[in-house]
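Reproduced below: entry.csv, with CSV, C-alpha atoms.
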```csv
chain,number,residue,atom,x,y,z
A,1,MET,CA,118.7,-61.2,31.9
A,2,GLU,CA,117.4,-60.9,35.4
A,3,GLN,CA,119.4,-58.5,37.6
A,4,GLU,CA,121.9,-60.2,39.8
A,5,LYS,CA,120.6,-60.7,43.4
A,6,SER,CA,122.8,-60.2,46.5
A,7,TYR,CA,123.2,-62.1,49.7
A,8,LEU,CA,124.7,-61.1,53.1
A,9,ALA,CA,125.7,-63.7,55.6
A,10,LEU,CA,126.3,-62.6,59.2
A,11,GLY,CA,127.8,-64.8,61.8
A,12,ASP,CA,130.9,-66.4,63.4
A,13,SER,CA,133.1,-69.5,62.7
A,14,TYR,CA,130.1,-71.5,61.4
A,15,THR,CA,129.4,-68.9,58.7
A,16,ILE,CA,133.0,-68.3,57.7
A,17,GLY,CA,133.6,-72.0,57.7
A,18,GLU,CA,136.5,-72.5,60.1
A,19,SER,CA,138.7,-75.4,59.1
A,20,VAL,CA,137.0,-76.0,55.7
A,21,ASP,CA,137.8,-74.7,52.2
A,22,GLU,CA,136.1,-71.6,51.1
A,23,LYS,CA,134.0,-73.6,48.6
A,24,GLU,CA,132.7,-75.7,51.5
A,25,ARG,CA,131.3,-72.8,53.6
A,26,TRP,CA,127.6,-73.2,53.8
A,27,PRO,CA,126.7,-69.7,52.4
A,28,VAL,CA,128.9,-70.6,49.4
A,29,LEU,CA,127.2,-74.0,49.0
A,30,LEU,CA,123.8,-72.3,49.3
A,31,VAL,CA,124.6,-69.8,46.6
A,32,ASN,CA,125.8,-72.5,44.3
A,33,GLN,CA,122.7,-74.5,44.9
A,34,LEU,CA,120.5,-71.5,44.2
A,35,LYS,CA,122.4,-70.8,41.0
A,36,ASN,CA,121.8,-74.3,40.0
A,37,SER,CA,118.1,-73.5,40.4
A,38,ASN,CA,118.5,-70.6,37.9
A,39,VAL,CA,118.7,-67.8,40.5
A,40,ASN,CA,121.1,-65.1,39.3
A,41,LEU,CA,122.9,-64.6,42.6
A,42,SER,CA,126.3,-63.0,43.4
A,43,ASN,CA,128.8,-64.6,45.7
A,44,PRO,CA,127.9,-64.1,49.3
A,45,LYS,CA,129.1,-61.0,51.2
A,46,ILE,CA,130.2,-62.6,54.5
A,47,ILE,CA,130.7,-60.7,57.8
A,48,ALA,CA,131.9,-63.4,60.2
A,49,THR,CA,134.9,-64.4,62.1
A,50,THR,CA,135.7,-67.3,64.3
A,51,GLY,CA,135.1,-66.6,68.0
A,52,TRP,CA,132.7,-63.7,67.6
A,53,THR,CA,129.9,-63.2,70.1
A,54,THR,CA,126.8,-61.1,69.5
A,55,ASN,CA,128.4,-57.9,70.7
A,56,GLU,CA,131.5,-58.5,68.5
A,57,LEU,CA,129.4,-59.1,65.4
A,58,ILE,CA,127.5,-55.9,66.1
A,59,SER,CA,130.7,-53.9,66.4
A,60,ALA,CA,132.1,-55.5,63.2
A,61,ILE,CA,128.9,-54.6,61.2
A,62,ASN,CA,129.1,-51.1,62.5
A,63,ALA,CA,132.7,-50.8,61.5
A,64,GLN,CA,131.9,-51.9,57.9
A,65,ASN,CA,129.6,-48.8,57.4
A,66,LEU,CA,127.5,-50.9,54.9
A,67,ASP,CA,124.8,-48.8,53.3
A,68,LYS,CA,123.9,-51.5,50.7
A,69,LYS,CA,120.6,-53.4,50.7
A,70,PHE,CA,120.5,-57.1,50.0
A,71,ASP,CA,118.0,-59.5,48.5
A,72,LEU,CA,118.8,-62.1,51.1
A,73,VAL,CA,120.3,-61.9,54.6
A,74,SER,CA,121.2,-64.8,57.0
A,75,LEU,CA,122.2,-64.7,60.6
A,76,LEU,CA,123.8,-67.5,62.8
A,77,ILE,CA,125.3,-66.3,66.0
A,78,GLY,CA,125.5,-67.1,69.7
A,79,VAL,CA,127.7,-70.2,70.3
A,80,ASN,CA,130.5,-68.0,71.6
A,81,ASN,CA,128.1,-66.3,74.1
A,82,GLN,CA,127.3,-69.8,75.4
A,83,TYR,CA,130.9,-70.9,75.4
A,84,ARG,CA,132.1,-67.9,77.3
A,85,GLY,CA,129.2,-68.1,79.8
A,86,TYR,CA,127.8,-64.6,78.9
A,87,PRO,CA,124.5,-63.7,80.6
A,88,VAL,CA,121.5,-65.0,78.7
A,89,ASP,CA,119.9,-61.5,78.9
A,90,GLN,CA,122.8,-60.2,76.8
A,91,TYR,CA,122.0,-62.7,74.1
A,92,ILE,CA,118.3,-61.8,74.1
A,93,ASN,CA,119.0,-58.1,73.7
A,94,GLU,CA,121.9,-58.4,71.2
A,95,PHE,CA,120.3,-61.1,69.1
A,96,GLU,CA,117.2,-59.0,68.7
A,97,GLU,CA,119.4,-56.0,67.7
A,98,LEU,CA,121.2,-58.1,65.2
A,99,LEU,CA,117.9,-59.4,63.8
A,100,GLN,CA,116.6,-55.9,63.4
A,101,THR,CA,119.9,-55.0,61.6
A,102,ALA,CA,119.5,-58.0,59.3
A,103,ILE,CA,116.0,-56.9,58.4
A,104,ARG,CA,117.2,-53.4,57.6
A,105,PHE,CA,119.9,-54.8,55.3
A,106,ALA,CA,117.1,-56.7,53.6
A,107,ASN,CA,115.4,-53.4,52.8
A,108,ASP,CA,113.1,-53.7,55.8
A,109,ASN,CA,111.6,-57.0,54.5
A,110,PRO,CA,111.7,-59.8,57.1
A,111,SER,CA,110.6,-62.3,54.5
A,112,LYS,CA,114.1,-62.0,53.0
A,113,VAL,CA,115.9,-62.8,56.2
A,114,PHE,CA,116.5,-66.2,57.7
A,115,VAL,CA,118.3,-67.5,60.8
A,116,LEU,CA,120.0,-70.8,61.4
A,117,SER,CA,120.0,-72.4,64.8
A,118,ILE,CA,123.3,-72.8,66.7
A,119,PRO,CA,124.8,-76.3,66.2
A,120,ASP,CA,125.6,-78.5,69.2
A,121,TYR,CA,129.4,-78.7,69.5
A,122,GLY,CA,128.9,-80.8,72.6
A,123,VAL,CA,128.9,-83.9,70.4
A,124,THR,CA,132.3,-83.2,68.9
A,125,PRO,CA,135.6,-84.6,70.1
A,126,PHE,CA,136.6,-81.1,71.3
A,127,ALA,CA,133.9,-81.2,73.9
A,128,SER,CA,134.2,-84.8,75.0
A,129,ASP,CA,135.6,-83.8,78.5
A,130,ARG,CA,133.5,-80.6,78.8
A,131,ASN,CA,130.1,-81.8,80.0
A,132,PRO,CA,128.4,-82.4,76.6
A,133,ASP,CA,124.9,-82.7,78.1
A,134,LYS,CA,125.2,-79.3,79.7
A,135,ILE,CA,126.4,-77.8,76.5
A,136,GLY,CA,123.5,-79.3,74.6
A,137,GLN,CA,121.0,-78.1,77.1
A,138,GLU,CA,122.4,-74.5,77.0
A,139,ILE,CA,122.4,-74.5,73.2
A,140,ASP,CA,118.8,-75.7,73.1
A,141,ALA,CA,117.9,-72.8,75.5
A,142,TYR,CA,119.8,-70.2,73.2
A,143,ASN,CA,118.0,-71.6,70.2
A,144,ALA,CA,114.6,-71.4,71.8
A,145,ILE,CA,115.3,-67.7,72.5
A,146,ALA,CA,116.4,-67.1,68.9
A,147,GLU,CA,113.4,-68.9,67.5
A,148,ALA,CA,111.0,-66.9,69.7
A,149,ILE,CA,112.6,-63.6,68.6
A,150,CYS,CA,112.4,-64.7,64.9
A,151,LYS,CA,108.7,-65.4,65.4
A,152,LYS,CA,108.2,-61.9,66.8
A,153,TYR,CA,109.6,-60.4,63.6
A,154,SER,CA,108.2,-63.0,61.2
A,155,VAL,CA,111.6,-64.2,60.2
A,156,ARG,CA,112.2,-67.8,59.1
A,157,PHE,CA,114.1,-69.9,61.6
A,158,PHE,CA,115.8,-73.1,60.4
A,159,ASP,CA,116.7,-75.7,63.1
A,160,ILE,CA,119.8,-77.4,61.9
A,161,THR,CA,120.8,-78.5,65.4
A,162,PRO,CA,119.5,-82.0,65.0
A,163,ILE,CA,121.7,-82.4,61.9
A,164,SER,CA,124.7,-81.2,63.9
A,165,ARG,CA,124.1,-83.9,66.5
A,166,LYS,CA,124.6,-86.6,63.8
A,167,ALA,CA,128.3,-85.8,64.3
A,168,LYS,CA,128.2,-87.9,67.5
A,169,MET,CA,127.9,-91.0,65.3
A,170,ASN,CA,129.7,-89.9,62.2
A,171,ALA,CA,133.2,-88.5,62.4
A,172,GLU,CA,133.1,-87.4,58.7
A,173,LEU,CA,130.7,-84.6,59.7
A,174,VAL,CA,133.4,-83.0,61.9
A,175,ALA,CA,136.3,-80.9,60.4
A,176,GLU,CA,139.9,-81.9,61.1
A,177,ASP,CA,140.0,-79.5,64.1
A,178,GLY,CA,137.7,-81.8,66.0
A,179,LEU,CA,135.2,-79.0,66.7
A,180,HIS,CA,133.7,-77.4,63.6
A,181,PRO,CA,131.5,-79.0,61.0
A,182,SER,CA,133.0,-80.5,57.9
A,183,GLY,CA,132.0,-79.6,54.4
A,184,LYS,CA,129.8,-82.7,54.4
A,185,MET,CA,127.9,-81.4,57.4
A,186,TYR,CA,127.5,-77.9,55.8
A,187,LYS,CA,126.1,-79.7,52.7
A,188,GLN,CA,123.5,-81.3,54.8
A,189,TRP,CA,122.5,-78.0,56.2
A,190,VAL,CA,122.1,-76.6,52.7
A,191,ASP,CA,120.2,-79.6,51.6
A,192,PHE,CA,117.8,-79.0,54.5
A,193,ILE,CA,117.2,-75.2,53.8
A,194,TRP,CA,117.8,-74.4,50.2
A,195,GLU,CA,114.3,-75.1,48.8
A,196,ASP,CA,112.7,-72.8,51.4
A,197,VAL,CA,115.3,-70.2,50.8
A,198,LEU,CA,114.7,-70.4,47.0
A,199,LYS,CA,111.1,-69.4,47.7
A,200,MET,CA,112.3,-66.4,49.7
A,201,ILE,CA,114.5,-65.0,47.0
```
Before we go any further, please render this structure as structure tokens.
Amino acid sequence: MEQEKSYLALGDSYTIGESVDEKERWPVLLVNQLKNSNVNLSNPKIIATTGWTTNELISAINAQNLDKKFDLVSLLIGVNNQYRGYPVDQYINEFEELLQTAIRFANDNPSKVFVLSIPDYGVTPFASDRNPDKIGQEIDAYNAIAEAICKKYSVRFFDITPISRKAKMNAELVAEDGLHPSGKMYKQWVDFIWEDVLKMI
């Protein structure tokens, strides 16, 4: 029997699955999809909390004192930096630090790390009176930064933002809180990435 592989998911509300059941979180859906493809994979280790910015995720990782290495590591972070209006330079520096940390957790192997783009919450009911166009433009800018840093470190970047924008036309893709993705949306993310992730692990 092949040794069980491990997966670490780093992020914020989108990774912990705010307003959906645990089984509908995208890292959990991803693991189940990979298991269905005969990958012997443990349940994901998730370090993520709703509202976290890049600096808060850095602090949380440090507080865990994790010395374990993982076969797969994902990172999705930055929406709360945008939401709070933090300086873009802060995101550049702290995202790069987090990506370096993710690579270390992957036993210094960037081919075992992947990043998901920040979804566009500007299309949700929550943001209907909050200048959705400006939100979308700022999130595009953040994602361009993240993608460029991923390229620098040869880390795979998955752009799920276009999927997130389908929520503008389909209320079923938004959770009951009117802000976060529903389990159906997370399933679409996983459908988009899982075959590529399977090759990584």
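Ranking A:Val190, A:Leu29, A:Val39, A:Val88 by their shortest atom-to-atom distance to Ala141 (chain A), with only C-alpha atoms included, puts A:Val88 first.
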Write out as a tab-separated table the residues of region 24-121 of chain A that have any atom within 7 Å of an atom of region 145-157 of chain A, one row each with the nearest atom pair and its distance in Å to one decimal, counting only C-alpha atoms, sorted by chain and then rising number.
```
residue	atom	partner	partner_atom	distance
A:Ile92	CA	A:Ile145	CA	6.8
A:Glu96	CA	A:Ile149	CA	6.5
A:Pro110	CA	A:Val155	CA	5.4
A:Ser111	CA	A:Val155	CA	6.1
A:Val113	CA	A:Val155	CA	6.0
A:Phe114	CA	A:Arg156	CA	4.8
A:Val115	CA	A:Phe157	CA	4.9
A:Leu116	CA	A:Phe157	CA	6.0
```
Please produce an output containing C-alpha atoms for each residue in the selection, written as a PDB file, in the frame of the given file.
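selection_33.pdb written:
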```
ATOM      1  CA  ILE A  92     118.300 -61.800  74.100  1.00  0.00           C
ATOM      2  CA  GLU A  96     117.200 -59.000  68.700  1.00  0.00           C
ATOM      3  CA  PRO A 110     111.700 -59.800  57.100  1.00  0.00           C
ATOM      4  CA  SER A 111     110.600 -62.300  54.500  1.00  0.00           C
ATOM      5  CA  VAL A 113     115.900 -62.800  56.200  1.00  0.00           C
ATOM      6  CA  PHE A 114     116.500 -66.200  57.700  1.00  0.00           C
ATOM      7  CA  VAL A 115     118.300 -67.500  60.800  1.00  0.00           C
ATOM      8  CA  LEU A 116     120.000 -70.800  61.400  1.00  0.00           C
TER       9      LEU A 116
END
```
If I put a ball of radius 12 Å at (131.1, -86.6, 60.1) in the file's coordinates, which residues poke into it when counting only C-alpha atoms, written as a list of chain:residue names?
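Nearby residues: A:Val123, A:Thr124, A:Pro125, A:Ile163, A:Ser164, A:Arg165, A:Lys166, A:Ala167, A:Lys168, A:Met169, A:Asn170, A:Ala171, A:Glu172, A:Leu173, A:Val174, A:Ala175, A:Glu176, A:Gly178, A:Leu179, A:His180, A:Pro181, A:Ser182, A:Gly183, A:Lys184, A:Met185, A:Tyr186, A:Lys187, A:Gln188.
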Nearest-residue call for Leu57 (chain A), choices A:Tyr83, A:Phe70, A:Tyr91, A:Tyr142, using all atoms listed in the file:
A:Tyr91
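In this comparison, which uses only C-alpha atoms, the residue of A:Leu99, A:Ala48, A:Leu34, A:Ile139 approaching Leu198 (chain A) most closely is A:Leu34.
Restricting the calculation to all atoms listed in the file, the smallest distance between Ala102 (chain A) and any of A:Asn65, A:Thr15, A:Ser74, A:Asn36 is found for A:Ser74.
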Looking at only C-alpha atoms, which of A:Asn109, A:Ser42, A:Thr53, A:Ser37 is the one that sits closest to Leu8 (chain A)?
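For Leu8 (chain A), the nearest of the candidates is A:Ser42.
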For Lys199 (chain A), which residue out of A:Lys112, A:Gly51, A:Glu22, A:Ser117 is the nearest one, using all atoms listed in the file?
A:Lys112
Please provide as a PyMOL selection string all residues within 8 Å of Lys69 (chain A), with the sequence filter that same-chain residues fewer than 4 positions apart are discarded (counting only C-alpha atoms).
chain A and resi 104-107
Enter the distance from CA of Asn131 (chain A) to CA of Trp26 (chain A), in Å, rounded to one decimal.
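For CA of Asn131 (chain A) relative to CA of Trp26 (chain A), the distance reads 27.7 Å.
Atom pair CA of Ser6 (chain A) / CA of Lys45 (chain A): separated by 7.9 Å.
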Would you work out the distance separating CA of Tyr121 (chain A) from CA of Asn62 (chain A), expressed in Å to one decimal?
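These atoms are spaced 28.5 Å apart.
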